[in-house]
>>> print(open('start_25.cif').read())   # mmCIF, C-alpha atoms and all ligand atoms
data_target
#
loop_
_atom_site.label_atom_id
_atom_site.label_comp_id
_atom_site.auth_asym_id
_atom_site.auth_seq_id
_atom_site.Cartn_x
_atom_site.Cartn_y
_atom_site.Cartn_z
CA MET A 1 190.48 256.73 20.82
CA ASN A 2 191.04 259.30 23.50
CA THR A 3 188.61 258.09 26.19
CA ALA A 4 188.77 261.33 28.19
CA LEU A 5 187.64 263.30 25.14
CA ALA A 6 185.00 260.75 24.24
CA THR A 7 183.55 260.97 27.76
CA GLU A 8 183.53 264.77 27.64
CA ASP A 9 181.57 264.67 24.37
CA MET A 10 179.09 262.30 25.89
CA MET A 11 178.53 264.43 28.98
CA THR A 12 177.71 267.34 26.66
CA THR A 13 175.17 265.17 24.87
CA MET A 14 173.65 264.22 28.21
CA THR A 15 172.74 267.80 29.09
CA GLU A 16 170.63 267.95 25.93
CA THR A 17 168.20 265.30 27.12
CA ALA A 18 165.04 266.39 28.96
CA ALA A 19 165.60 267.38 32.58
CA ASP A 20 163.24 264.68 33.86
CA SER A 21 164.67 261.85 31.69
CA PRO A 22 165.53 258.77 33.75
CA GLU A 23 169.26 258.70 34.42
CA ILE A 24 171.11 255.50 33.55
CA LEU A 25 174.67 254.85 34.60
CA ILE A 26 176.62 252.42 32.44
CA ILE A 27 179.57 250.85 34.23
CA CYS A 28 181.70 248.88 31.81
CA ASP A 29 184.99 247.08 31.76
CA GLN A 30 186.15 248.58 28.44
CA LEU A 31 185.17 252.20 27.96
CA GLN A 32 186.25 252.35 24.33
CA HIS A 33 183.60 249.80 23.31
CA ARG A 34 180.71 251.67 24.89
CA PRO A 35 179.77 254.69 22.78
CA THR A 36 177.29 252.48 20.88
CA LEU A 37 175.41 251.59 24.05
CA TYR A 38 175.62 255.18 25.25
CA LYS A 39 174.20 256.53 21.97
CA LEU A 40 171.52 253.90 21.92
CA LEU A 41 170.29 254.92 25.39
CA THR A 42 170.42 258.67 24.82
CA GLY A 43 168.66 258.09 21.47
CA ALA A 44 165.88 256.29 23.38
CA GLY A 45 165.37 259.38 25.60
CA TYR A 46 167.40 258.41 28.69
CA ALA A 47 170.08 260.57 30.26
CA ALA A 48 173.09 258.23 30.13
CA ARG A 49 176.44 258.42 31.91
CA LEU A 50 179.51 256.24 31.47
CA GLU A 51 182.08 255.00 33.97
CA THR A 52 184.52 252.12 33.93
CA PHE A 53 185.11 249.41 36.50
CA ASN A 54 188.31 251.30 37.41
CA THR A 55 186.98 254.85 37.75
CA PRO A 56 188.61 256.35 40.85
CA ASP A 57 186.06 257.17 43.59
CA LEU A 58 183.38 255.18 41.76
CA TRP A 59 181.27 254.55 44.91
CA PRO A 60 181.07 258.12 46.26
CA LEU A 61 180.30 259.23 42.70
CA ILE A 62 177.37 256.81 42.39
CA ALA A 63 176.09 257.56 45.89
CA ALA A 64 176.19 261.32 45.22
CA LYS A 65 174.50 261.22 41.81
CA ARG A 66 172.11 258.33 42.50
CA PRO A 67 171.13 257.26 38.98
CA ASP A 68 167.70 255.71 38.39
CA LEU A 69 169.22 252.51 37.04
CA ILE A 70 172.68 250.96 36.59
CA LEU A 71 173.78 248.82 33.67
CA ILE A 72 176.85 246.70 34.41
CA ASP A 73 178.26 245.93 31.02
CA MET A 74 180.73 243.04 30.79
CA THR A 75 182.20 243.17 27.30
CA THR A 76 184.98 240.65 27.97
CA ALA A 77 184.89 237.32 29.72
CA SER A 78 187.38 238.55 32.31
CA GLY A 79 185.33 241.51 33.66
CA ASN A 80 184.09 241.04 37.21
CA GLY A 81 180.87 243.04 37.50
CA TYR A 82 179.60 240.81 40.32
CA ALA A 83 181.91 242.39 42.88
CA ILE A 84 180.68 245.84 41.81
CA CYS A 85 177.05 244.83 42.17
CA GLN A 86 177.77 243.31 45.56
CA VAL A 87 179.23 246.59 46.86
CA LEU A 88 176.29 248.56 45.44
CA LYS A 89 173.81 246.30 47.22
CA ARG A 90 175.66 246.47 50.54
CA ASP A 91 175.69 250.28 50.61
CA GLU A 92 172.37 251.64 51.87
CA ARG A 93 172.77 254.75 49.69
CA THR A 94 172.75 252.67 46.49
CA ARG A 95 170.95 249.47 47.57
CA ASP A 96 167.60 250.40 46.00
CA ILE A 97 168.99 251.29 42.53
CA PRO A 98 168.09 248.46 40.13
CA VAL A 99 171.08 246.85 38.41
CA ILE A 100 170.88 245.09 35.04
CA PHE A 101 173.77 242.96 33.81
CA LEU A 102 174.71 242.93 30.12
CA SER A 103 177.20 240.14 29.58
CA VAL A 104 179.04 238.10 27.01
CA ARG A 105 178.62 235.16 29.41
CA SER A 106 175.38 233.32 28.80
CA ALA A 107 175.74 230.24 30.99
CA THR A 108 172.98 229.70 33.53
CA HIS A 109 175.38 229.68 36.50
CA GLU A 110 176.57 233.18 35.51
CA LYS A 111 172.98 234.48 35.62
CA VAL A 112 172.37 232.75 38.93
CA ARG A 113 175.52 234.39 40.30
CA ALA A 114 174.35 237.83 39.14
CA PHE A 115 170.95 237.40 40.81
CA ALA A 116 172.68 236.13 43.95
CA VAL A 117 174.59 239.40 44.28
CA GLY A 118 171.38 241.45 43.84
CA ALA A 119 170.93 241.98 40.07
CA ALA A 120 167.40 242.92 39.01
CA ASP A 121 167.85 241.46 35.52
CA TYR A 122 170.44 239.79 33.25
CA LEU A 123 170.74 240.04 29.49
CA ALA A 124 173.19 237.85 27.58
CA LYS A 125 174.76 239.17 24.39
CA PRO A 126 173.88 239.49 21.64
CA PHE A 127 170.48 241.00 22.46
CA ALA A 128 167.90 243.03 20.55
CA VAL A 129 167.82 246.75 21.36
CA GLU A 130 164.03 246.61 21.87
CA GLU A 131 164.48 243.91 24.48
CA LEU A 132 167.03 245.98 26.41
CA ILE A 133 164.75 249.04 26.35
CA ALA A 134 161.74 246.96 27.45
CA ARG A 135 163.70 245.50 30.38
CA ILE A 136 165.03 248.91 31.44
CA ASP A 137 161.50 250.37 31.32
CA ARG A 138 160.15 247.51 33.39
CA GLN A 139 162.73 248.10 36.11
CA LEU A 140 162.17 251.88 36.07
CA ALA A 141 158.41 251.38 36.37
CA ALA A 142 158.89 248.97 39.29
CA ARG A 143 161.16 251.49 41.02
CA GLN A 144 158.65 254.29 40.48
CA ARG A 145 155.91 252.10 42.02
CA GLN A 146 158.18 251.46 44.98
CA ARG A 147 158.85 255.20 45.40
CA ASP A 148 155.13 256.02 45.15
CA PHE A 149 154.42 253.38 47.76
CA ILE A 150 157.05 254.84 50.11
CA ASP A 151 155.75 258.40 49.54
CA GLN A 152 152.23 257.28 50.35
CA TYR A 153 153.44 255.43 53.44
CA VAL A 154 155.27 258.55 54.69
CA ARG A 155 152.21 260.74 53.98
CA GLU A 156 149.90 258.36 55.85
CA ARG A 157 152.35 258.03 58.74
CA ASP A 158 152.50 261.84 59.09
CA GLN A 159 148.71 262.14 58.89
CA HIS A 160 148.39 259.43 61.50
CA ALA A 161 150.81 261.25 63.82
CA ALA A 162 148.88 264.52 63.37
CA LEU A 163 145.58 262.75 64.11
CA ASN A 164 147.06 261.15 67.20
CA GLU A 165 148.14 264.55 68.46
CA ILE A 166 144.60 265.90 67.97
CA LYS A 167 143.24 262.81 69.73
CA ASP A 168 145.54 263.33 72.73
CA GLU A 169 144.45 266.96 72.93
CA ILE A 170 140.78 265.94 72.74
CA ILE A 171 141.19 263.33 75.47
CA ARG A 172 142.97 265.83 77.74
CA THR A 173 140.34 268.52 77.25
CA ALA A 174 137.43 266.07 77.41
CA ALA A 175 138.66 264.66 80.70
CA HIS A 176 138.82 268.20 82.04
CA ASP A 177 135.42 269.20 80.62
CA LEU A 178 133.77 266.06 82.01
CA LYS A 179 135.25 266.55 85.45
CA ASN A 180 133.58 269.95 85.95
CA PRO A 181 129.96 268.90 85.38
CA LEU A 182 130.49 265.71 87.37
CA SER A 183 131.74 267.74 90.34
CA ARG A 184 128.72 270.02 89.93
CA ILE A 185 126.38 267.02 90.08
CA ASN A 186 128.19 265.84 93.18
CA VAL A 187 127.71 269.20 94.89
CA LEU A 188 124.03 269.35 93.86
CA LEU A 189 123.43 265.88 95.28
CA ARG A 190 125.01 266.94 98.59
CA MET A 191 122.81 270.07 98.66
CA LEU A 192 119.77 267.93 97.97
CA GLU A 193 120.75 265.59 100.77
CA VAL A 194 121.39 268.38 103.29
CA HIS A 195 118.94 271.15 102.40
CA GLY A 196 116.12 269.81 100.32
CA SER A 197 113.68 267.15 99.52
CA ILE A 198 112.53 266.17 96.04
CA ALA A 199 109.02 267.11 97.19
CA ASP A 200 109.76 270.84 97.69
CA GLU A 201 110.66 273.57 95.22
CA ARG A 202 114.26 273.89 96.29
CA GLY A 203 114.82 270.16 95.86
CA ARG A 204 113.18 270.18 92.43
CA GLY A 205 115.51 273.04 91.47
CA TYR A 206 118.51 270.85 92.40
CA LEU A 207 117.05 268.00 90.37
CA ASP A 208 116.55 270.26 87.33
CA SER A 209 120.17 271.40 87.55
CA ILE A 210 121.34 267.79 87.81
CA ALA A 211 119.27 266.87 84.73
CA GLU A 212 120.72 269.85 82.80
CA THR A 213 124.28 268.99 83.75
CA THR A 214 123.75 265.34 82.84
CA ALA A 215 122.49 266.46 79.41
CA GLN A 216 125.70 268.49 78.95
CA ILE A 217 127.78 265.42 79.69
CA ARG A 218 125.68 263.37 77.27
CA ASP A 219 126.19 266.00 74.50
CA LEU A 220 129.91 266.10 75.09
CA ILE A 221 130.18 262.30 74.90
CA THR A 222 127.98 262.22 71.76
CA HIS A 223 130.28 264.77 70.09
CA LEU A 224 133.39 262.89 71.12
CA LEU A 225 131.99 259.69 69.65
CA ASP A 226 131.00 261.58 66.47
CA VAL A 227 134.55 262.83 65.93
CA GLU A 228 135.89 259.33 66.49
CA ARG A 229 133.38 257.86 64.01
CA ILE A 230 133.99 260.51 61.34
CA ASN A 231 137.73 259.80 61.52
CA HIS A 232 137.12 256.15 60.73
CA GLU A 233 134.48 256.50 58.04
CA ASP A 234 135.43 255.99 54.41
CA SER A 235 133.81 257.70 51.43
CA ALA A 236 131.83 254.60 50.38
CA ALA A 237 128.60 256.20 51.56
CA LEU A 238 128.71 258.98 48.91
CA ILE A 239 125.53 259.11 46.81
CA PRO A 240 124.12 261.73 44.40
CA VAL A 241 121.94 264.21 46.29
CA SER A 242 119.91 267.19 45.08
CA VAL A 243 121.17 270.35 46.79
CA ASN A 244 117.63 271.77 46.89
CA ASP A 245 116.34 268.65 48.69
CA LEU A 246 119.13 268.95 51.22
CA LEU A 247 118.28 272.62 51.92
CA LYS A 248 114.55 271.91 52.05
CA ASP A 249 114.93 269.06 54.59
CA THR A 250 117.17 271.14 56.83
CA ALA A 251 114.94 274.22 56.70
CA ARG A 252 111.84 272.12 57.39
CA ARG A 253 113.43 270.61 60.48
CA TYR A 254 114.51 273.96 61.92
CA THR A 255 111.48 276.12 61.09
CA PRO A 256 109.56 275.13 64.27
CA VAL A 257 112.70 275.75 66.39
CA ALA A 258 113.13 279.21 64.84
CA GLU A 259 109.44 280.04 65.40
CA ALA A 260 109.70 278.99 69.04
CA GLU A 261 112.69 281.33 69.45
CA GLY A 262 110.97 284.24 67.67
CA ILE A 263 113.46 284.16 64.76
CA ILE A 264 112.56 284.26 61.07
CA LEU A 265 114.17 281.43 59.15
CA SER A 266 114.06 281.62 55.35
CA TRP A 267 115.65 279.48 52.65
CA HIS A 268 116.05 279.81 48.87
CA ARG A 269 116.38 277.05 46.32
CA ILE A 270 118.89 277.14 43.45
CA ASP A 271 116.95 277.94 40.24
CA ALA A 272 118.46 275.07 38.25
CA ASP A 273 118.93 272.36 40.86
CA VAL A 274 122.32 270.62 40.98
CA THR A 275 123.42 267.28 42.34
CA LEU A 276 126.42 266.57 44.55
CA ARG A 277 127.89 263.25 45.63
CA LEU A 278 127.52 263.32 49.40
CA ASP A 279 127.31 261.31 52.55
CA VAL A 280 123.76 262.58 53.17
CA ALA A 281 123.54 261.91 56.89
CA ARG A 282 126.86 263.63 57.52
CA MET A 283 126.09 266.62 55.31
CA GLN A 284 122.74 267.03 57.08
CA GLN A 285 124.72 267.08 60.31
CA VAL A 286 126.88 269.92 58.88
CA LEU A 287 123.84 272.04 58.04
CA HIS A 288 122.14 271.16 61.34
CA ASN A 289 125.17 272.25 63.34
CA LEU A 290 125.42 275.54 61.41
CA LEU A 291 121.69 276.27 61.66
CA ALA A 292 121.53 275.30 65.34
CA ASN A 293 124.40 277.73 66.01
CA ALA A 294 122.78 280.50 63.95
CA LEU A 295 119.55 280.13 65.97
CA LYS A 296 121.40 279.76 69.28
CA PHE A 297 123.49 282.91 68.84
CA THR A 298 120.71 285.10 67.36
CA PRO A 299 118.29 286.86 69.69
CA ALA A 300 114.51 286.90 69.19
CA GLY A 301 113.45 289.17 66.33
CA GLY A 302 116.53 288.25 64.27
CA TYR A 303 116.86 286.56 60.88
CA VAL A 304 118.52 283.38 59.73
CA GLU A 305 118.91 282.57 56.05
CA LEU A 306 119.92 279.37 54.25
CA TRP A 307 120.74 279.33 50.52
CA ALA A 308 123.14 277.94 47.94
CA GLU A 309 124.92 279.13 44.82
CA SER A 310 126.06 276.93 41.96
CA TYR A 311 129.42 277.47 40.19
CA PRO A 312 131.00 275.54 37.29
CA ASP A 313 133.17 273.54 39.68
CA GLY A 314 130.99 273.22 42.77
CA VAL A 315 128.38 274.59 45.13
CA ALA A 316 128.57 277.14 47.96
CA ILE A 317 126.02 276.69 50.76
CA HIS A 318 125.54 279.68 53.08
CA VAL A 319 124.04 279.99 56.54
CA GLN A 320 123.71 283.63 57.58
CA ASP A 321 122.35 285.15 60.78
CA THR A 322 121.86 288.58 62.32
CA GLY A 323 123.08 287.40 65.74
CA MET A 324 125.83 288.42 68.14
CA GLY A 325 128.67 287.81 65.67
CA ILE A 326 132.15 286.58 66.52
CA PRO A 327 135.06 288.78 67.69
CA ALA A 328 137.83 288.96 65.05
CA ALA A 329 140.37 287.50 67.50
CA ASP A 330 138.25 284.34 67.90
CA LEU A 331 137.67 283.73 64.19
CA PRO A 332 140.90 281.76 63.53
CA HIS A 333 140.06 279.36 66.40
CA ILE A 334 136.36 278.61 66.23
CA PHE A 335 136.84 275.41 64.18
CA GLU A 336 139.15 273.93 66.84
CA PRO A 337 137.64 271.26 69.08
CA PHE A 338 136.32 272.68 72.40
CA TYR A 339 136.83 276.31 71.36
CA ARG A 340 134.06 278.69 72.54
CA THR A 341 134.07 282.47 72.57
CA GLN A 342 134.15 284.28 75.91
CA THR A 343 130.67 285.69 75.20
CA ALA A 344 129.23 282.20 74.63
CA THR A 345 130.71 281.02 77.93
CA ASP A 346 129.83 284.19 79.89
CA GLN A 347 126.23 284.17 78.67
CA GLN A 348 126.04 280.46 79.48
CA ILE A 349 124.80 279.64 76.00
CA GLU A 350 124.81 275.87 75.99
CA GLY A 351 127.29 274.00 73.83
CA THR A 352 130.38 271.83 73.83
CA GLY A 353 132.61 273.75 71.40
CA PHE A 354 132.63 270.70 69.14
CA GLY A 355 129.97 271.50 66.53
CA LEU A 356 132.21 273.45 64.15
CA ALA A 357 135.13 271.01 64.52
CA ILE A 358 132.76 268.27 63.34
CA VAL A 359 131.53 270.49 60.48
CA LYS A 360 135.11 271.07 59.31
CA ARG A 361 136.02 267.39 59.49
CA ILE A 362 132.96 266.32 57.46
CA VAL A 363 133.36 269.04 54.84
CA GLU A 364 137.03 268.17 54.34
CA ARG A 365 136.08 264.52 53.87
CA HIS A 366 134.00 265.78 50.93
CA TRP A 367 137.10 267.62 49.59
CA GLY A 368 135.45 270.93 50.48
CA GLN A 369 136.13 273.89 52.74
CA VAL A 370 134.20 275.82 55.34
CA GLU A 371 134.69 279.55 55.91
CA VAL A 372 133.25 282.20 58.17
CA ALA A 373 132.76 285.94 57.83
CA SER A 374 131.46 287.74 60.90
CA VAL A 375 131.04 291.18 62.44
CA GLU A 376 130.70 291.37 66.19
CA GLY A 377 127.24 292.58 67.10
CA ALA A 378 125.96 292.35 63.51
CA GLY A 379 125.94 288.64 62.55
CA SER A 380 127.82 285.81 60.90
CA ARG A 381 127.88 284.01 57.59
CA PHE A 382 129.20 280.45 57.34
CA THR A 383 129.93 279.14 53.83
CA VAL A 384 130.44 275.50 52.96
CA TRP A 385 132.18 275.00 49.61
CA LEU A 386 131.71 271.58 48.00
CA PRO A 387 133.36 270.68 44.66
CA PHE A 388 131.49 268.59 42.08
CA HIS A 389 134.41 266.22 41.55
CA GLU A 390 136.69 264.67 44.09
CA PRO A 391 140.32 265.14 43.04
CA ALA A 392 141.92 261.80 42.12
CA ALA A 393 144.65 262.20 44.76
CA ALA A 394 142.12 262.96 47.48
CA ALA A 395 139.97 260.03 46.36
CA ALA A 396 142.94 257.73 46.81
CA LEU A 397 143.42 258.98 50.36
CA ALA A 398 139.80 258.69 51.40
P1 LIG B 1 129.22 275.24 70.48
O1 LIG B 1 128.17 275.90 69.66
O2 LIG B 1 128.83 273.91 70.98
O3 LIG B 1 129.79 276.13 71.53
P2 LIG B 1 130.73 275.21 68.01
O4 LIG B 1 131.98 274.47 67.68
O5 LIG B 1 129.53 274.94 67.19
O6 LIG B 1 130.46 274.94 69.55
O7 LIG B 1 131.04 276.76 67.94
C1 LIG B 1 132.22 277.25 68.57
C2 LIG B 1 132.02 278.67 69.01
O8 LIG B 1 131.94 279.52 67.86
C3 LIG B 1 130.73 278.91 69.76
O9 LIG B 1 130.87 278.62 71.12
C4 LIG B 1 130.52 280.39 69.53
O10 LIG B 1 131.34 281.11 70.42
C5 LIG B 1 131.04 280.58 68.11
N1 LIG B 1 129.95 280.53 67.10
C6 LIG B 1 129.65 279.53 66.27
N2 LIG B 1 128.63 279.84 65.45
C7 LIG B 1 128.28 281.11 65.76
C8 LIG B 1 127.29 282.02 65.26
N3 LIG B 1 126.46 281.69 64.26
N4 LIG B 1 127.23 283.23 65.84
C9 LIG B 1 128.08 283.59 66.83
N5 LIG B 1 129.03 282.79 67.36
C10 LIG B 1 129.13 281.55 66.83
#
>>> encode(input="start_25.cif", output="structure tokens")
Amino acid sequence: MNTALATEDMMTTMTETAADSPEILIICDQLQHRPTLYKLLTGAGYAARLETFNTPDLWPLIAAKRPDLILIDMTTASGNGYAICQVLKRDERTRDIPVIFLSVRSATHEKVRAFAVGAADYLAKPFAVEELIARIDRQLAARQRQRDFIDQYVRERDQHAALNEIKDEIIRTAAHDLKNPLSRINVLLRMLEVHGSIADERGRGYLDSIAETTAQIRDLITHLLDVERINHEDSAALIPVSVNDLLKDTARRYTPVAEAEGIILSWHRIDADVTLRLDVARMQQVLHNLLANALKFTPAGGYVELWAESYPDGVAIHVQDTGMGIPAADLPHIFEPFYRTQTATDQQIEGTGFGLAIVKRIVERHWGQVEVASVEGAGSRFTVWLPFHEPAAAAALA
């Protein structure tokens, strides 16, 4: 038989198998005996390739093509497949490819030798075809599990690095933002010492400012701790919650605040109520942050509205106000920790710039999204999108 021609034929056959078929490389001592094994494997749906122990440039070839599995086929008692396996296992490019020995030698010490040089399995001849296929499949499945594990490890490592970067940024900014109010308290205490007494009006003014500044520090620390906690929470606290109940509770809590500010707060229930699996306390925090902002940035006489819409795959919850709106240039940044618009800072509207970062974090932990649409001077609409079902991949990450 002309081996060159036989190999050419086989390569043609290989291209006919499905593109994602596992690729198996057969390395054998006697090429002319191997078409049977080759046909058997391609017939079972694998993409097979044949080489002999003596193929020139065998190692670069294997390293470049990286098959999913290697069968070392020893058809004669003289073939030395052990040396081949040893080289494969020493080379880091090919070390992780499982190797199965098929051999005419059935003595226990031969099997022990094969395992000693890194074989994943050993099958003595004669063997049943079904057994060979079952053993190949077992090795391929184990390799796939290993790859999945590595992929997940890399994904988690990258996420961890990204989180660490955010953490560093938060610590830097927090240190800066804490320093300012502390210096202010220091100055106020000096003023109190030099110019005032807690019994007179001036002194009480200093005390009020100190109390206000202390409250700012407290809010900042509370928000920092919140972000830290949210990062470490898992999704175990998810329970079915009626969307209407969630809206009702939030609206009830904020109605007196709105009345005190001279703002009309209205809310609408969904006609046919729907249920979502939520971490209730956290989702209440999302709506509280959005409503508190809407009331904070809307002047007296304005309107704030809370409502939800149900879709086949999830629910959209909206918080809309007729307040000062957000300049277009600020919109891409408002969900970043510590970000505040110039107007909010100039008008000394209290806040830490953390509320929306917390909202985003919590919504994403529910596999949702938060969006904003706003027109400066006319108002803003924040929309929280929550899907009914957590995607399997996301559930695995949570
Ligand atoms: P904070 O309210 O503590 O400043 P947030 O993270 O909640 O921080 O909001 C970030 C910034 O986004 C606010 O400082 C404000 O400039 C802007 N913003 C948020 N919500 C609104 C709103 N409803 N109307 C106008 N501006 C808003």
>>> closest_atom_pairs(input="start_25.cif", of="chain A", to="ligand LIG 1 (chain B)", cutoff="9 Å", atoms="all atoms listed in the file", output="CSV")
residue,atom,partner,partner_atom,distance
A:Leu220,CA,B:LIG1,O2,8.9
A:Asn289,CA,B:LIG1,O5,6.4
A:Leu290,CA,B:LIG1,N2,6.7
A:Leu291,CA,B:LIG1,N3,7.7
A:Ala292,CA,B:LIG1,O1,7.9
A:Asn293,CA,B:LIG1,N2,4.8
A:Ala294,CA,B:LIG1,N3,3.9
A:Leu295,CA,B:LIG1,N3,7.3
A:Lys296,CA,B:LIG1,N3,7.4
A:Phe297,CA,B:LIG1,N4,4.8
A:Thr298,CA,B:LIG1,N4,7.0
A:Val319,CA,B:LIG1,N3,8.3
A:Gln320,CA,B:LIG1,N3,7.5
A:Asp321,CA,B:LIG1,N3,6.4
A:Thr322,CA,B:LIG1,N4,8.4
A:Gly323,CA,B:LIG1,N4,5.9
A:Met324,CA,B:LIG1,C9,5.5
A:Gly325,CA,B:LIG1,C9,4.4
A:Ile326,CA,B:LIG1,N5,5.0
A:Pro327,CA,B:LIG1,N5,8.5
A:Asp330,CA,B:LIG1,O8,7.9
A:Leu331,CA,B:LIG1,O8,8.0
A:His333,CA,B:LIG1,O8,8.3
A:Ile334,CA,B:LIG1,O8,4.8
A:Phe335,CA,B:LIG1,O4,6.1
A:Glu336,CA,B:LIG1,O4,7.2
A:Pro337,CA,B:LIG1,O4,6.7
A:Phe338,CA,B:LIG1,O4,6.7
A:Tyr339,CA,B:LIG1,C1,5.5
A:Arg340,CA,B:LIG1,O9,3.5
A:Thr341,CA,B:LIG1,O10,3.7
A:Gln342,CA,B:LIG1,O10,6.9
A:Thr343,CA,B:LIG1,O10,6.7
A:Ala344,CA,B:LIG1,O10,4.8
A:Thr345,CA,B:LIG1,O9,7.2
A:Ile349,CA,B:LIG1,O3,7.6
A:Glu350,CA,B:LIG1,O3,6.7
A:Gly351,CA,B:LIG1,O2,3.2
A:Thr352,CA,B:LIG1,O2,3.9
A:Gly353,CA,B:LIG1,O6,3.1
A:Phe354,CA,B:LIG1,O4,4.1
A:Gly355,CA,B:LIG1,O5,3.5
A:Leu356,CA,B:LIG1,O4,3.7
A:Ala357,CA,B:LIG1,O4,5.6
A:Ile358,CA,B:LIG1,O4,7.6
A:Val359,CA,B:LIG1,O4,8.2
A:Val372,CA,B:LIG1,N2,8.9
A:Ser374,CA,B:LIG1,N4,7.9
A:Glu376,CA,B:LIG1,C9,8.2
A:Gly379,CA,B:LIG1,N4,6.5
A:Ser380,CA,B:LIG1,N3,5.5
A:Arg381,CA,B:LIG1,N3,7.2
A:Phe382,CA,B:LIG1,N3,7.5
>>> write_last_selection(input="start_25.cif", atoms="C-alpha atoms", output="CSV table (one decimal), in the coordinates of the input")
chain,number,residue,atom,x,y,z
A,220,LEU,CA,129.9,266.1,75.1
A,289,ASN,CA,125.2,272.2,63.3
A,290,LEU,CA,125.4,275.5,61.4
A,291,LEU,CA,121.7,276.3,61.7
A,292,ALA,CA,121.5,275.3,65.3
A,293,ASN,CA,124.4,277.7,66.0
A,294,ALA,CA,122.8,280.5,64.0
A,295,LEU,CA,119.6,280.1,66.0
A,296,LYS,CA,121.4,279.8,69.3
A,297,PHE,CA,123.5,282.9,68.8
A,298,THR,CA,120.7,285.1,67.4
A,319,VAL,CA,124.0,280.0,56.5
A,320,GLN,CA,123.7,283.6,57.6
A,321,ASP,CA,122.4,285.2,60.8
A,322,THR,CA,121.9,288.6,62.3
A,323,GLY,CA,123.1,287.4,65.7
A,324,MET,CA,125.8,288.4,68.1
A,325,GLY,CA,128.7,287.8,65.7
A,326,ILE,CA,132.2,286.6,66.5
A,327,PRO,CA,135.1,288.8,67.7
A,330,ASP,CA,138.2,284.3,67.9
A,331,LEU,CA,137.7,283.7,64.2
A,333,HIS,CA,140.1,279.4,66.4
A,334,ILE,CA,136.4,278.6,66.2
A,335,PHE,CA,136.8,275.4,64.2
A,336,GLU,CA,139.2,273.9,66.8
A,337,PRO,CA,137.6,271.3,69.1
A,338,PHE,CA,136.3,272.7,72.4
A,339,TYR,CA,136.8,276.3,71.4
A,340,ARG,CA,134.1,278.7,72.5
A,341,THR,CA,134.1,282.5,72.6
A,342,GLN,CA,134.2,284.3,75.9
A,343,THR,CA,130.7,285.7,75.2
A,344,ALA,CA,129.2,282.2,74.6
A,345,THR,CA,130.7,281.0,77.9
A,349,ILE,CA,124.8,279.6,76.0
A,350,GLU,CA,124.8,275.9,76.0
A,351,GLY,CA,127.3,274.0,73.8
A,352,THR,CA,130.4,271.8,73.8
A,353,GLY,CA,132.6,273.8,71.4
A,354,PHE,CA,132.6,270.7,69.1
A,355,GLY,CA,130.0,271.5,66.5
A,356,LEU,CA,132.2,273.4,64.2
A,357,ALA,CA,135.1,271.0,64.5
A,358,ILE,CA,132.8,268.3,63.3
A,359,VAL,CA,131.5,270.5,60.5
A,372,VAL,CA,133.2,282.2,58.2
A,374,SER,CA,131.5,287.7,60.9
A,376,GLU,CA,130.7,291.4,66.2
A,379,GLY,CA,125.9,288.6,62.6
A,380,SER,CA,127.8,285.8,60.9
A,381,ARG,CA,127.9,284.0,57.6
A,382,PHE,CA,129.2,280.4,57.3
>>> residues_around(input="start_25.cif", residues="range 209-216 of chain A", least_positions_apart="2", cutoff="10 Å", atoms="all atoms listed in the file", output="VMD selection string")
chain A and resid 177 to 178 180 to 182 184 to 189 203 to 207 218 to 222 350 to 352
>>> closest_residue(input="start_25.cif", among="A:Ala300, A:Val370, A:Leu386, A:Val363", to="Ile230 in chain A", atoms="only C-alpha atoms")
A:Val363
>>> closest_residue(input="start_25.cif", among="A:Arg113, A:Arg202, A:His288, A:Arg147", to="Ala83 in chain A", atoms="all atoms listed in the file")
A:Arg113
>>> closest_residue(input="start_25.cif", among="A:Glu309, A:Trp59, A:Pro35, A:Ala237", to="Asp91 in chain A", atoms="all atoms listed in the file")
A:Trp59
>>> closest_residue(input="start_25.cif", among="A:Thr108, A:Ser183, A:Asn244, A:Ser103", to="Met74 in chain A", atoms="all atoms listed in the file")
A:Ser103
>>> atom_distance(input="start_25.cif", atom1="CA of Ile97 in chain A", atom2="CA of Leu69 in chain A")
5.6 Å
>>> residues_around(input="start_25.cif", residues="Leu102 in chain A", least_positions_apart="2", cutoff="10 Å", atoms="only C-alpha atoms", output="list in words")
Ile26, Cys28, Leu71, Ile72, Asp73, Met74, Thr75, Gly81, Val99, Ile100, Val104, Arg105, Ser106, Asp121, Tyr122, Leu123, Ala124, Lys125, Pro126, Phe127 and Leu132 of chain A
>>> atom_distance(input="start_25.cif", atom1="CA of Glu156 in chain A", atom2="CA of Pro22 in chain A")
27.1 Å
>>> build_atoms(input="start_25.cif", residues="range 89-93 of chain A", atoms="N, CA and C atoms", output="short mmCIF file (atom, residue, chain, number, x, y, z; two decimals), in the coordinates of the input")
data_model
loop_
_atom_site.label_atom_id
_atom_site.label_comp_id
_atom_site.auth_asym_id
_atom_site.auth_seq_id
_atom_site.Cartn_x
_atom_site.Cartn_y
_atom_site.Cartn_z
N LYS A 89 174.94 246.81 46.44
CA LYS A 89 173.81 246.30 47.22
C LYS A 89 174.07 246.31 48.72
N ARG A 90 175.35 246.41 49.10
CA ARG A 90 175.66 246.47 50.54
C ARG A 90 175.54 247.89 51.07
N ASP A 91 175.70 248.87 50.18
CA ASP A 91 175.69 250.28 50.61
C ASP A 91 174.25 250.78 50.63
N GLU A 92 173.79 251.25 51.79
CA GLU A 92 172.37 251.64 51.87
C GLU A 92 172.03 252.84 50.99
N ARG A 93 173.04 253.60 50.56
CA ARG A 93 172.77 254.75 49.69
C ARG A 93 172.45 254.31 48.27
#
